[in-house]
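File shown: run-v3.cif (mmCIF, C-alpha atoms and all ligand atoms).
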```
data_query
loop_
_atom_site.label_atom_id
_atom_site.label_comp_id
_atom_site.auth_asym_id
_atom_site.auth_seq_id
_atom_site.Cartn_x
_atom_site.Cartn_y
_atom_site.Cartn_z
CA MET A 5 -13.58 32.83 -26.14
CA ALA A 6 -15.24 29.54 -26.94
CA GLU A 7 -18.07 28.97 -29.39
CA CYS A 8 -21.33 27.50 -28.07
CA ARG A 9 -21.78 23.89 -29.16
CA ILE A 10 -25.52 24.49 -29.58
CA CYS A 11 -25.95 27.84 -31.30
CA GLY A 12 -22.46 29.10 -32.19
CA GLY A 13 -22.81 32.02 -29.75
CA THR A 14 -20.10 33.18 -27.35
CA VAL A 15 -19.46 31.16 -24.20
CA ASP A 16 -18.55 33.31 -21.19
CA GLU A 17 -16.33 31.35 -18.80
CA PHE A 18 -17.42 31.63 -15.16
CA PHE A 19 -15.27 29.06 -13.36
CA ASP A 20 -11.92 27.37 -13.94
CA PHE A 21 -11.22 24.30 -11.78
CA GLY A 22 -7.76 23.92 -13.30
CA ARG A 23 -6.32 20.64 -14.53
CA GLN A 24 -8.60 17.76 -13.60
CA PRO A 25 -8.53 14.02 -14.30
CA VAL A 26 -11.22 11.94 -16.01
CA SER A 27 -13.75 11.59 -13.19
CA ASP A 28 -14.66 7.92 -13.53
CA SER A 29 -11.10 6.80 -14.17
CA PHE A 30 -10.40 4.76 -11.03
CA VAL A 31 -6.80 3.69 -11.35
CA THR A 32 -4.75 0.76 -10.05
CA PRO A 33 -1.44 1.36 -8.26
CA GLU A 34 0.25 0.39 -11.55
CA THR A 35 -1.67 2.87 -13.73
CA ALA A 36 -1.72 5.71 -11.15
CA GLY A 37 0.21 8.68 -12.44
CA SER A 38 -0.48 8.06 -16.11
CA GLU A 39 -3.92 9.63 -16.03
CA TYR A 40 -5.29 11.98 -18.63
CA PHE A 41 -5.82 15.54 -17.40
CA PHE A 42 -7.74 18.38 -19.01
CA ARG A 43 -8.75 21.93 -18.13
CA LEU A 44 -12.12 21.77 -16.39
CA ALA A 45 -13.81 25.11 -16.91
CA ALA A 46 -17.47 26.01 -17.31
CA GLY A 47 -19.17 28.88 -19.07
CA ILE A 48 -22.56 30.09 -20.22
CA CYS A 49 -23.56 30.97 -23.78
CA THR A 50 -24.56 34.62 -23.89
CA HIS A 51 -27.03 33.81 -26.67
CA CYS A 52 -28.86 30.54 -25.89
CA THR A 53 -27.87 30.34 -22.16
CA MET A 54 -26.57 26.77 -22.38
CA VAL A 55 -24.04 26.15 -19.61
CA GLN A 56 -21.21 24.02 -20.99
CA LEU A 57 -17.58 23.03 -20.54
CA LEU A 58 -14.86 24.87 -22.39
CA GLU A 59 -12.81 21.74 -23.11
CA GLU A 60 -14.11 18.37 -24.26
CA VAL A 61 -12.53 15.10 -23.12
CA PRO A 62 -12.34 12.58 -26.01
CA ARG A 63 -15.31 10.25 -25.51
CA GLU A 64 -13.28 7.01 -25.62
CA ARG A 65 -11.32 8.22 -22.57
CA MET A 66 -14.53 8.41 -20.54
CA PHE A 67 -16.75 5.60 -21.85
CA HIS A 68 -15.10 2.28 -22.49
CA GLU A 69 -14.85 -1.35 -21.36
CA ASP A 70 -13.75 -0.31 -17.86
CA TYR A 71 -16.42 2.38 -17.18
CA PRO A 72 -17.48 1.57 -13.62
CA TYR A 73 -20.76 3.46 -12.93
CA ARG A 74 -23.84 1.31 -12.39
CA SER A 75 -27.35 2.75 -12.17
CA ALA A 76 -28.45 -0.12 -9.92
CA GLY A 77 -26.04 1.11 -7.21
CA SER A 78 -28.92 3.18 -5.82
CA SER A 79 -32.22 1.55 -4.89
CA VAL A 80 -33.88 4.97 -5.13
CA MET A 81 -32.72 5.29 -8.75
CA HIS A 82 -33.80 1.71 -9.44
CA ASP A 83 -37.34 2.46 -8.19
CA HIS A 84 -37.38 5.79 -10.00
CA PHE A 85 -36.61 4.20 -13.38
CA GLU A 86 -38.98 1.30 -12.80
CA ALA A 87 -41.83 3.72 -12.04
CA PHE A 88 -41.19 5.76 -15.18
CA ALA A 89 -40.87 2.65 -17.35
CA ARG A 90 -44.28 1.53 -16.07
CA ARG A 91 -45.74 4.94 -16.85
CA LEU A 92 -44.38 4.78 -20.39
CA LEU A 93 -45.78 1.26 -20.85
CA GLU A 94 -49.22 2.56 -19.91
CA THR A 95 -49.02 5.61 -22.15
CA GLU A 96 -46.57 6.09 -25.03
CA LEU A 97 -45.79 2.37 -25.33
CA SER A 98 -49.37 1.07 -25.08
CA GLY A 99 -49.99 0.79 -28.84
CA ALA A 100 -49.41 -2.22 -31.09
CA ASP A 101 -45.74 -3.30 -31.18
CA PRO A 102 -44.22 -0.21 -29.58
CA PHE A 103 -40.45 0.38 -29.74
CA MET A 104 -38.30 2.20 -27.21
CA VAL A 105 -34.64 3.16 -27.49
CA GLU A 106 -32.58 4.18 -24.49
CA ILE A 107 -29.43 6.27 -24.91
CA GLY A 108 -27.01 5.42 -22.07
CA SER A 109 -28.85 2.27 -20.97
CA ASN A 110 -25.95 1.32 -18.68
CA ASP A 111 -26.80 -1.85 -16.68
CA GLY A 112 -30.37 -2.04 -18.00
CA THR A 113 -32.04 -0.72 -14.84
CA MET A 114 -34.66 1.16 -16.89
CA LEU A 115 -35.14 -1.20 -19.83
CA LYS A 116 -35.55 -4.40 -17.87
CA THR A 117 -39.08 -3.31 -16.90
CA VAL A 118 -39.92 -2.81 -20.60
CA GLN A 119 -38.28 -6.13 -21.45
CA LYS A 120 -40.28 -7.97 -18.76
CA ALA A 121 -43.50 -6.49 -20.16
CA GLY A 122 -42.54 -7.87 -23.59
CA GLY A 123 -41.91 -4.42 -25.08
CA ARG A 124 -39.61 -4.06 -28.07
CA HIS A 125 -36.57 -2.11 -26.93
CA LEU A 126 -32.90 -1.38 -27.56
CA GLY A 127 -30.34 0.08 -25.20
CA VAL A 128 -27.40 1.93 -26.71
CA ASP A 129 -24.32 2.33 -24.56
CA PRO A 130 -20.62 2.35 -25.49
CA SER A 131 -19.42 0.94 -22.16
CA ALA A 132 -19.16 -2.81 -22.70
CA GLN A 133 -19.02 -4.04 -19.11
CA VAL A 134 -22.21 -2.29 -17.96
CA GLY A 135 -23.93 -3.53 -21.12
CA ASP A 136 -23.13 -7.10 -20.13
CA PHE A 137 -25.04 -6.61 -16.85
CA ALA A 138 -28.05 -5.44 -18.90
CA ARG A 139 -27.78 -8.44 -21.24
CA ALA A 140 -27.69 -10.77 -18.25
CA ASP A 141 -31.16 -9.39 -17.42
CA GLY A 142 -32.41 -10.10 -20.94
CA VAL A 143 -32.11 -6.50 -22.14
CA ARG A 144 -31.13 -5.97 -25.78
CA VAL A 145 -28.07 -3.72 -26.00
CA ARG A 146 -25.99 -2.24 -28.79
CA THR A 147 -22.51 -1.45 -27.47
CA ASP A 148 -22.03 1.80 -29.32
CA PHE A 149 -22.20 5.56 -29.08
CA PHE A 150 -25.61 6.95 -29.98
CA GLU A 151 -25.08 9.50 -32.72
CA GLU A 152 -26.45 10.14 -36.19
CA SER A 153 -24.81 7.14 -37.89
CA SER A 154 -25.79 4.54 -35.24
CA ALA A 155 -29.31 6.00 -35.00
CA ARG A 156 -29.77 5.64 -38.79
CA GLU A 157 -28.71 2.00 -38.59
CA ILE A 158 -31.15 1.35 -35.73
CA ALA A 159 -33.98 3.02 -37.67
CA ALA A 160 -33.18 0.89 -40.72
CA GLY A 161 -33.09 -2.34 -38.70
CA ASP A 162 -35.84 -1.82 -36.13
CA GLY A 163 -38.05 0.89 -37.55
CA PRO A 164 -39.11 4.13 -35.89
CA ALA A 165 -39.01 4.56 -32.12
CA ASP A 166 -42.09 5.67 -30.18
CA VAL A 167 -39.89 6.73 -27.29
CA ILE A 168 -36.24 7.68 -27.15
CA PHE A 169 -35.27 7.93 -23.50
CA SER A 170 -32.05 9.15 -22.01
CA ALA A 171 -31.23 9.76 -18.34
CA ASN A 172 -28.07 11.41 -17.16
CA THR A 173 -26.45 10.84 -20.54
CA THR A 174 -27.46 13.49 -23.09
CA SER A 175 -25.62 16.09 -21.01
CA HIS A 176 -22.51 13.89 -21.35
CA ILE A 177 -22.51 14.15 -25.16
CA ALA A 178 -20.68 17.24 -26.42
CA TYR A 179 -21.58 16.34 -30.04
CA ILE A 180 -25.25 16.74 -29.20
CA ASP A 181 -26.10 18.04 -32.70
CA SER A 182 -25.40 14.52 -33.95
CA VAL A 183 -27.71 13.08 -31.25
CA PHE A 184 -30.55 15.29 -32.43
CA ARG A 185 -29.94 14.38 -36.09
CA GLY A 186 -30.04 10.76 -34.92
CA ALA A 187 -33.30 11.39 -33.05
CA ASP A 188 -34.70 12.96 -36.20
CA ALA A 189 -33.82 9.84 -38.21
CA LEU A 190 -35.18 7.45 -35.56
CA LEU A 191 -38.20 9.02 -33.90
CA ALA A 192 -41.72 8.19 -35.11
CA PRO A 193 -43.69 11.26 -36.31
CA ASP A 194 -45.56 11.47 -33.00
CA GLY A 195 -42.83 9.92 -30.89
CA ILE A 196 -41.21 11.60 -27.90
CA PHE A 197 -37.58 12.13 -26.93
CA VAL A 198 -37.37 12.23 -23.13
CA ILE A 199 -34.26 13.58 -21.45
CA GLU A 200 -33.69 13.44 -17.69
CA ASP A 201 -30.77 15.28 -16.25
CA ARG A 202 -29.33 17.28 -13.36
CA TYR A 203 -31.10 20.61 -13.25
CA LEU A 204 -29.07 23.82 -13.51
CA GLY A 205 -31.57 25.66 -11.29
CA SER A 206 -30.90 23.22 -8.42
CA ILE A 207 -27.15 23.26 -9.01
CA MET A 208 -27.03 27.06 -8.80
CA ALA A 209 -29.43 27.26 -5.84
CA GLN A 210 -27.37 24.68 -3.90
CA GLN A 211 -23.94 25.78 -5.09
CA ALA A 212 -23.42 22.17 -6.14
CA PHE A 213 -20.10 22.86 -7.83
CA ASP A 214 -19.11 19.19 -7.94
CA GLN A 215 -21.83 18.59 -10.55
CA ILE A 216 -19.29 20.15 -12.91
CA TYR A 217 -16.94 17.45 -14.25
CA ASP A 218 -15.82 15.97 -17.56
CA GLU A 219 -18.95 13.85 -18.16
CA HIS A 220 -21.33 16.70 -17.41
CA PHE A 221 -20.47 18.62 -20.57
CA TYR A 222 -23.79 20.49 -20.43
CA LEU A 223 -25.87 21.64 -17.45
CA PHE A 224 -29.44 21.92 -18.69
CA SER A 225 -32.19 24.37 -17.78
CA VAL A 226 -35.68 24.62 -19.26
CA THR A 227 -34.61 27.83 -21.01
CA SER A 228 -31.54 26.27 -22.64
CA VAL A 229 -33.19 22.96 -23.52
CA ARG A 230 -36.09 24.79 -25.14
CA ARG A 231 -33.65 26.79 -27.27
CA MET A 232 -31.64 23.66 -28.05
CA ALA A 233 -34.73 21.74 -29.17
CA ASP A 234 -35.63 24.66 -31.40
CA VAL A 235 -32.13 24.93 -32.92
CA PHE A 236 -32.21 21.23 -33.84
CA GLY A 237 -35.74 21.26 -35.30
CA PHE A 238 -37.72 19.94 -32.32
CA GLU A 239 -40.00 21.43 -29.68
CA LEU A 240 -39.90 21.24 -25.89
CA ILE A 241 -43.37 20.10 -24.85
CA ASP A 242 -43.02 19.44 -21.12
CA ALA A 243 -40.68 19.88 -18.17
CA GLU A 244 -41.24 17.81 -15.04
CA PRO A 245 -39.16 18.50 -11.94
CA LEU A 246 -37.64 15.45 -10.22
CA THR A 247 -36.06 15.10 -6.80
CA VAL A 248 -33.40 12.55 -7.82
CA HIS A 249 -29.66 13.37 -7.90
CA GLY A 250 -30.12 16.53 -5.84
CA GLY A 251 -32.64 18.04 -8.27
CA SER A 252 -33.25 16.94 -11.85
CA MET A 253 -35.64 17.76 -14.67
CA ARG A 254 -37.41 15.50 -17.16
CA TYR A 255 -37.71 17.22 -20.53
CA THR A 256 -40.15 15.86 -23.10
CA ILE A 257 -39.28 16.82 -26.65
CA GLY A 258 -41.31 16.18 -29.78
CA ARG A 259 -41.47 17.20 -33.40
CA PRO A 260 -42.76 20.79 -33.74
CA GLY A 261 -46.52 21.23 -33.58
CA ARG A 262 -47.34 17.56 -33.00
CA ARG A 263 -48.35 17.89 -29.36
CA ALA A 264 -49.75 20.54 -27.05
CA VAL A 265 -47.05 22.31 -25.04
CA SER A 266 -47.59 21.99 -21.30
CA PRO A 267 -48.11 25.25 -19.39
CA ARG A 268 -45.29 24.05 -17.12
CA VAL A 269 -42.76 25.08 -19.79
CA ALA A 270 -43.74 28.74 -19.60
CA GLU A 271 -43.90 28.53 -15.80
CA PHE A 272 -40.31 27.32 -15.60
CA LEU A 273 -39.11 29.91 -18.11
CA GLU A 274 -40.49 32.57 -15.80
CA LEU A 275 -39.04 30.94 -12.68
CA GLU A 276 -35.62 30.68 -14.28
CA ALA A 277 -35.66 34.31 -15.35
CA GLY A 278 -36.56 35.22 -11.76
CA GLN A 279 -33.71 33.04 -10.45
CA GLY A 280 -31.29 34.88 -12.75
CA LEU A 281 -30.16 31.72 -14.55
CA ALA A 282 -29.08 33.80 -17.54
CA SER A 283 -27.50 36.59 -15.53
CA PRO A 284 -23.69 36.94 -15.17
CA GLU A 285 -24.18 38.07 -11.55
CA THR A 286 -25.60 34.61 -10.64
CA TYR A 287 -22.42 32.95 -11.93
CA ARG A 288 -20.15 35.45 -10.15
CA ARG A 289 -21.92 34.63 -6.88
CA PHE A 290 -21.64 30.93 -7.64
CA ALA A 291 -17.88 31.28 -8.24
CA ASP A 292 -17.41 33.13 -4.93
CA GLY A 293 -19.46 30.44 -3.17
CA VAL A 294 -17.35 27.63 -4.65
CA ARG A 295 -14.12 29.23 -3.43
CA ARG A 296 -15.63 29.76 0.03
CA THR A 297 -16.97 26.20 0.33
CA SER A 298 -13.69 24.74 -0.82
CA ARG A 299 -11.74 26.78 1.76
CA GLU A 300 -14.14 25.95 4.58
CA LEU A 301 -14.16 22.24 3.79
CA VAL A 302 -10.37 21.98 3.88
CA GLU A 303 -10.23 24.07 7.08
CA LEU A 304 -12.72 21.74 8.75
CA LEU A 305 -10.83 18.61 7.68
CA GLU A 306 -7.53 20.10 8.88
CA LYS A 307 -9.08 21.07 12.22
CA LEU A 308 -10.47 17.55 12.72
CA ARG A 309 -7.09 16.04 11.87
CA ALA A 310 -5.38 18.36 14.38
CA GLU A 311 -7.88 17.20 17.01
CA GLY A 312 -7.08 13.57 16.26
CA ARG A 313 -10.53 12.83 14.82
CA THR A 314 -10.91 10.21 12.08
CA VAL A 315 -12.66 11.02 8.79
CA VAL A 316 -13.62 8.61 6.02
CA GLY A 317 -15.17 9.46 2.63
CA TYR A 318 -18.49 7.93 1.58
CA GLY A 319 -19.40 7.48 -2.11
CA ALA A 320 -16.58 7.58 -4.66
CA THR A 321 -18.81 9.51 -7.03
CA ALA A 322 -17.65 10.98 -10.33
CA LYS A 323 -18.57 14.33 -8.74
CA SER A 324 -16.10 13.73 -5.95
CA ALA A 325 -13.25 14.00 -8.47
CA THR A 326 -13.99 17.72 -8.75
CA ALA A 327 -14.49 18.22 -5.00
CA ILE A 328 -11.38 16.23 -4.03
CA ASN A 329 -8.98 17.53 -6.65
CA TYR A 330 -10.15 21.13 -6.70
CA CYS A 331 -10.09 21.40 -2.87
CA GLY A 332 -6.80 19.50 -2.72
CA ILE A 333 -8.00 16.70 -0.42
CA GLY A 334 -5.43 13.93 -0.07
CA THR A 335 -5.08 10.72 1.94
CA ASP A 336 -3.72 12.82 4.83
CA LEU A 337 -7.24 14.24 5.29
CA VAL A 338 -9.38 11.36 3.96
CA PRO A 339 -7.49 8.04 4.11
CA PHE A 340 -10.08 6.06 2.12
CA ILE A 341 -13.56 6.24 0.59
CA CYS A 342 -16.26 3.57 0.93
CA ASP A 343 -18.29 2.74 -2.16
CA SER A 344 -20.66 -0.09 -3.05
CA THR A 345 -19.57 -0.29 -6.72
CA PRO A 346 -17.49 -3.46 -7.20
CA ALA A 347 -15.57 -1.97 -10.16
CA LYS A 348 -14.38 0.96 -8.01
CA GLN A 349 -13.32 -1.08 -4.97
CA GLY A 350 -9.61 -1.81 -4.66
CA ARG A 351 -8.86 1.07 -7.02
CA LEU A 352 -7.62 4.60 -6.35
CA THR A 353 -9.60 7.76 -7.07
CA PRO A 354 -8.47 9.75 -10.12
CA GLY A 355 -5.93 12.46 -9.37
CA ALA A 356 -5.72 12.30 -5.57
CA HIS A 357 -5.32 8.49 -5.50
CA ILE A 358 -7.46 7.91 -2.42
CA PRO A 359 -8.13 4.16 -1.98
CA VAL A 360 -11.72 2.98 -2.52
CA ARG A 361 -12.96 0.25 -0.20
CA ALA A 362 -16.17 -1.76 0.18
CA PRO A 363 -18.83 -0.31 2.54
CA GLU A 364 -17.96 -3.06 5.05
CA ALA A 365 -14.75 -1.13 5.80
CA PHE A 366 -16.87 1.76 7.10
CA ALA A 367 -17.82 0.01 10.35
CA ASP A 368 -14.39 -1.48 10.91
CA PRO A 369 -14.25 0.58 13.15
CA TYR A 370 -16.57 3.53 12.45
CA PRO A 371 -14.72 6.83 11.94
CA ASP A 372 -15.69 9.92 13.95
CA TYR A 373 -16.87 11.66 10.77
CA ALA A 374 -17.94 10.59 7.28
CA LEU A 375 -17.52 13.03 4.41
CA LEU A 376 -20.52 12.35 2.18
CA PHE A 377 -19.38 12.75 -1.44
CA ALA A 378 -22.62 11.02 -2.57
CA TRP A 379 -24.71 13.82 -1.02
CA ASN A 380 -27.32 13.34 -3.77
CA HIS A 381 -28.07 9.93 -2.21
CA ALA A 382 -28.00 11.29 1.38
CA GLU A 383 -31.37 9.92 2.45
CA GLU A 384 -30.70 6.43 1.11
CA ILE A 385 -27.16 6.22 2.49
CA MET A 386 -27.96 7.72 5.90
CA ALA A 387 -30.85 5.26 6.29
CA LYS A 388 -28.59 2.36 5.31
CA GLU A 389 -25.85 3.52 7.68
CA LYS A 390 -28.16 4.44 10.57
CA ALA A 391 -25.94 2.58 13.03
CA PHE A 392 -23.05 4.97 12.30
CA ARG A 393 -24.91 7.95 13.72
CA GLU A 394 -26.30 5.89 16.56
CA ALA A 395 -22.70 5.03 17.44
CA GLY A 396 -21.94 8.76 17.69
CA GLY A 397 -20.65 9.32 14.13
CA ARG A 398 -21.45 12.51 12.24
CA TRP A 399 -21.86 13.26 8.53
CA ILE A 400 -20.00 16.13 6.87
CA LEU A 401 -21.73 17.67 3.84
CA TYR A 402 -20.52 20.49 1.59
CA VAL A 403 -23.72 21.13 -0.40
CA PRO A 404 -25.27 23.71 -0.15
CA ASP A 405 -22.49 24.71 2.28
CA VAL A 406 -20.13 22.99 4.69
CA HIS A 407 -22.13 21.57 7.58
CA ILE A 408 -22.23 18.63 9.97
CA VAL A 409 -25.34 16.54 10.67
N1 LIG A 501 -28.92 6.19 -17.72
C1 LIG A 501 -28.21 5.67 -16.58
C2 LIG A 501 -28.61 6.38 -15.30
O1 LIG A 501 -29.22 7.43 -15.36
O2 LIG A 501 -28.30 5.84 -14.23
C3 LIG A 501 -26.68 5.75 -16.77
C4 LIG A 501 -26.09 7.11 -16.66
S1 LIG A 501 -24.31 7.09 -16.77
C5 LIG A 501 -23.92 8.48 -15.80
C6 LIG A 501 -24.00 7.62 -18.43
C7 LIG A 501 -24.03 6.48 -19.44
O3 LIG A 501 -24.03 7.05 -20.76
C8 LIG A 501 -22.84 5.55 -19.37
O4 LIG A 501 -23.27 4.22 -19.22
C9 LIG A 501 -22.11 5.79 -20.69
O5 LIG A 501 -21.44 4.67 -21.16
C10 LIG A 501 -23.24 6.23 -21.60
N2 LIG A 501 -22.90 7.05 -22.79
C11 LIG A 501 -21.96 8.00 -22.92
N3 LIG A 501 -21.98 8.50 -24.18
C12 LIG A 501 -22.98 7.87 -24.86
C13 LIG A 501 -23.50 7.93 -26.17
N4 LIG A 501 -23.02 8.77 -27.10
N5 LIG A 501 -24.52 7.11 -26.50
C14 LIG A 501 -25.05 6.26 -25.59
N6 LIG A 501 -24.59 6.14 -24.33
C15 LIG A 501 -23.57 6.94 -23.96
P1 LIG A 502 -23.79 9.06 -8.41
O1 LIG A 502 -23.90 10.20 -7.47
O2 LIG A 502 -23.09 9.42 -9.68
O3 LIG A 502 -25.08 8.34 -8.62
O4 LIG A 502 -22.79 8.02 -7.71
C1 LIG A 502 -23.09 7.45 -6.49
C2 LIG A 502 -21.90 6.66 -5.97
O5 LIG A 502 -22.13 6.35 -4.59
C3 LIG A 502 -21.68 5.35 -6.69
O6 LIG A 502 -20.29 5.13 -6.86
C4 LIG A 502 -22.27 4.31 -5.76
C5 LIG A 502 -22.08 4.94 -4.40
N1 LIG A 502 -23.13 4.55 -3.44
C6 LIG A 502 -22.78 3.81 -2.31
O7 LIG A 502 -21.59 3.51 -2.11
N2 LIG A 502 -23.77 3.42 -1.45
C7 LIG A 502 -25.07 3.74 -1.66
O8 LIG A 502 -25.94 3.37 -0.86
C8 LIG A 502 -25.42 4.54 -2.82
C9 LIG A 502 -26.83 4.93 -3.07
C10 LIG A 502 -24.41 4.91 -3.68
ZN ZN A 503 -25.55 29.00 -27.38
#
```
Render the structure in this file as structure tokens.
Amino acid sequence: MAECRICGGTVDEFFDFGRQPVSDSFVTPETAGSEYFFRLAAGICTHCTMVQLLEEVPRERMFHEDYPYRSAGSSVMHDHFEAFARRLLETELSGADPFMVEIGSNDGTMLKTVQKAGGRHLGVDPSAQVGDFARADGVRVRTDFFEESSAREIAAGDGPADVIFSANTTSHIAYIDSVFRGADALLAPDGIFVIEDRYLGSIMAQQAFDQIYDEHFYLFSVTSVRRMADVFGFELIDAEPLTVHGGSMRYTIGRPGRRAVSPRVAEFLELEAGQGLASPETYRRFADGVRRTSRELVELLEKLRAEGRTVVGYGATAKSATAINYCGIGTDLVPFICDSTPAKQGRLTPGAHIPVRAPEAFADPYPDYALLFAWNHAEEIMAKEKAFREAGGRWILYVPDVHIV
């Protein structure tokens, strides 16, 4: 029995993926085999309903100089962040000398819009290489983990923040109590702390089991984020559904009583209760679905191999580490994966050691089938690779179930 990292309640384990590698640890032939493995298992707190991992990977093993993920790898995500940065500039950041801090600023995709508008800003991200891309765009970055101590230093040096923004990062931070103490030290009295992340409701509805991996320590819902905000002395004031990454939610958090709470919060609480997001039966069904999908995916790949069809992977996502290693997909079924991220190309995927190649390799020649590990970017990738389908190629997806399009 594990103790909830938010409220100290009991975490009920609902799925064990076994020993899994660090998802963004793309190895070289020399370093392959010396990877760090941990037990990837997820559970739900019976008290506050926060879905969380049972074992934490030390943060320096995930986020370091070599961390390869780049936000700018998706033009949809680029446009998404630019649009929200503009909205913030017109609203929360429209006063005299506003200040915005981003937790997990990565390559500066979000903050460069604020920087261009002349807004005071600071990105905080421990991964040095991605931070250098942000700096090259003129974005101010502190290469560091955001936590209570760094937040206090930022507050002392730059003053209070009107906006603390964090996309696809807060869920990565197991020591989230320290993040909230940091937000408390840094946020202006009427400031907002905005968190965007994968939405548990979408993950459960789509059986998106590969959203569970080392970096996704928490899977947020409106119910659990509201409780979490409360536990750490804040208040959830809005929840805005987003289509990105296969279904996300933007949570706006403020100091208690400072702002009117949007009726959307209560609406989502009701929806989530109706969806059974706190009910053990939902997680039992999810677990059965994961086992079924995994079996069906491997059966399909084995059948295609027996028929002499070629299959290539598309998108060496962090998520794919769970799909590949849990299903037991090796180079015999998927000989390589195409990915546009320079830092992943020429490397091998963690665990299964499937080579990652540049997207140019995809058409050289086209395979019969492409297994889309980056299913959350399906629209963007299928549009980009339109010629593949026109040439007779077909996409294999495994979310919400195994199907071919
Ligand atoms: N915000 C970007 C986006 O949505 O595309 C990047 C998301 S990326 C999945 C997560 C980022 O969080 C990485 O760049 C990582 O280095 C950073 N990160 C991890 N722990 C952090 C912490 N404690 N404080 C700040 N950034 C952190
Ligand atoms: P994500 O699902 O964590 O955002 O990761 C997406 C991965 O897919 C990332 O490694 C970049 C890759 N990718 C491509 O190779 N081509 C594309 O067009 C897009 C959008 C992503
Ligand atoms: Zn709890």
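When all atoms listed in the file are used to compute distances to Ile333 (chain A), the closest of the residues A:Ala310, A:Ala45, A:Ile358, A:Ile199 turns out to be A:Ile358.
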Inset, instruction - Compare A:Lys348, A:Arg296, A:Arg91, A:His125 by their minimum atom-to-atom distance to Ser27 (chain A), counting all atoms listed in the file, and give me the closest one. - result: A:Lys348
Legend entry - Residue among A:Tyr373, A:Trp379, A:Phe392, A:Phe221 lying closest to Gly312 (chain A), counting only C-alpha atoms: A:Tyr373
Could you give me, as a PDB file with C-alpha atoms, in the frame of the given file, every polymer residue with an atom at most 6 Å away from an atom of ligand LIG 502 (chain A), counting only C-alpha atoms and all ligand atoms?
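Okay, this is what ended up in part_11.pdb:
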```pdb
ATOM      1  CA  GLY A  77     -26.040   1.110  -7.210  1.00  0.00           C
ATOM      2  CA  SER A  78     -28.920   3.180  -5.820  1.00  0.00           C
ATOM      3  CA  GLY A 319     -19.400   7.480  -2.110  1.00  0.00           C
ATOM      4  CA  ALA A 320     -16.580   7.580  -4.660  1.00  0.00           C
ATOM      5  CA  THR A 321     -18.810   9.510  -7.030  1.00  0.00           C
ATOM      6  CA  ALA A 322     -17.650  10.980 -10.330  1.00  0.00           C
ATOM      7  CA  ASP A 343     -18.290   2.740  -2.160  1.00  0.00           C
ATOM      8  CA  SER A 344     -20.660  -0.090  -3.050  1.00  0.00           C
ATOM      9  CA  THR A 345     -19.570  -0.290  -6.720  1.00  0.00           C
ATOM     10  CA  ALA A 378     -22.620  11.020  -2.570  1.00  0.00           C
ATOM     11  CA  ASN A 380     -27.320  13.340  -3.770  1.00  0.00           C
ATOM     12  CA  HIS A 381     -28.070   9.930  -2.210  1.00  0.00           C
ATOM     13  CA  GLU A 384     -30.700   6.430   1.110  1.00  0.00           C
ATOM     14  CA  ILE A 385     -27.160   6.220   2.490  1.00  0.00           C
TER      15      ILE A 385
END
```
Inset, instruction - Could you tell me, counting all atoms listed in the file, which protein and nucleic acid residues lie no more than 10 Å from ligand ZN 503 (chain A), written as a PyMOL selection string? - result: chain A and resi 7-15+48-56+228+231-232+235
Legend entry - Within 12 Å of Arg63 (chain A) using only C-alpha atoms, minus same-chain residues under 5 positions, as a PyMOL selection string: chain A and resi 26+68+71+130-131+148-150+176-179+218-221
Inset, instruction - May I ask for the distance between CA of Leu57 (chain A) and CA of Phe224 (chain A), given in Å to one decimal place? - result: 12.1 Å
Legend entry - Nearest residue to ligand LIG 501 (chain A) from the set A:Leu191, A:Val226, A:Val248, A:Leu92 (distances using only C-alpha atoms and all ligand atoms): A:Val248
Inset, instruction - Tell me, as an MDAnalysis selection string, which residues lie within 12 Å of His249 (chain A), counting all atoms listed in the file; anything in the same chain fewer than 5 positions away does not count. - result: chainID A and resid 75 78 80:81 84 171:172 200:204 206:207 212 215 321 323 378:384
Inset, instruction - Tell me which protein, DNA and RNA residues are within 10 Å of Phe366 (chain A), counting only C-alpha atoms, leaving out same-chain ones fewer than 5 positions away, and put them as a PyMOL selection string. - result: chain A and resi 316-318+340-343+361+371+374+389+392
Inset, instruction - Write out as a list in words which residues come within 8 Å of Arg230 (chain A) when counting only C-alpha atoms, dropping same-chain ones fewer than 3 positions away. - result: Val226, Thr227, Ala233, Asp234, Glu239 and Leu240 of chain A
Just write the chosen residues, C-alpha atoms, as a PDB file, in the frame of the given file.
```
ATOM      1  CA  VAL A 226     -35.680  24.620 -19.260  1.00  0.00           C
ATOM      2  CA  THR A 227     -34.610  27.830 -21.010  1.00  0.00           C
ATOM      3  CA  ALA A 233     -34.730  21.740 -29.170  1.00  0.00           C
ATOM      4  CA  ASP A 234     -35.630  24.660 -31.400  1.00  0.00           C
ATOM      5  CA  GLU A 239     -40.000  21.430 -29.680  1.00  0.00           C
ATOM      6  CA  LEU A 240     -39.900  21.240 -25.890  1.00  0.00           C
TER       7      LEU A 240
END
```
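Minimum distance to Val403 (chain A) across A:Ala270, A:Pro359, A:Phe213, A:Arg288 (counting all atoms listed in the file) occurs at A:Phe213.
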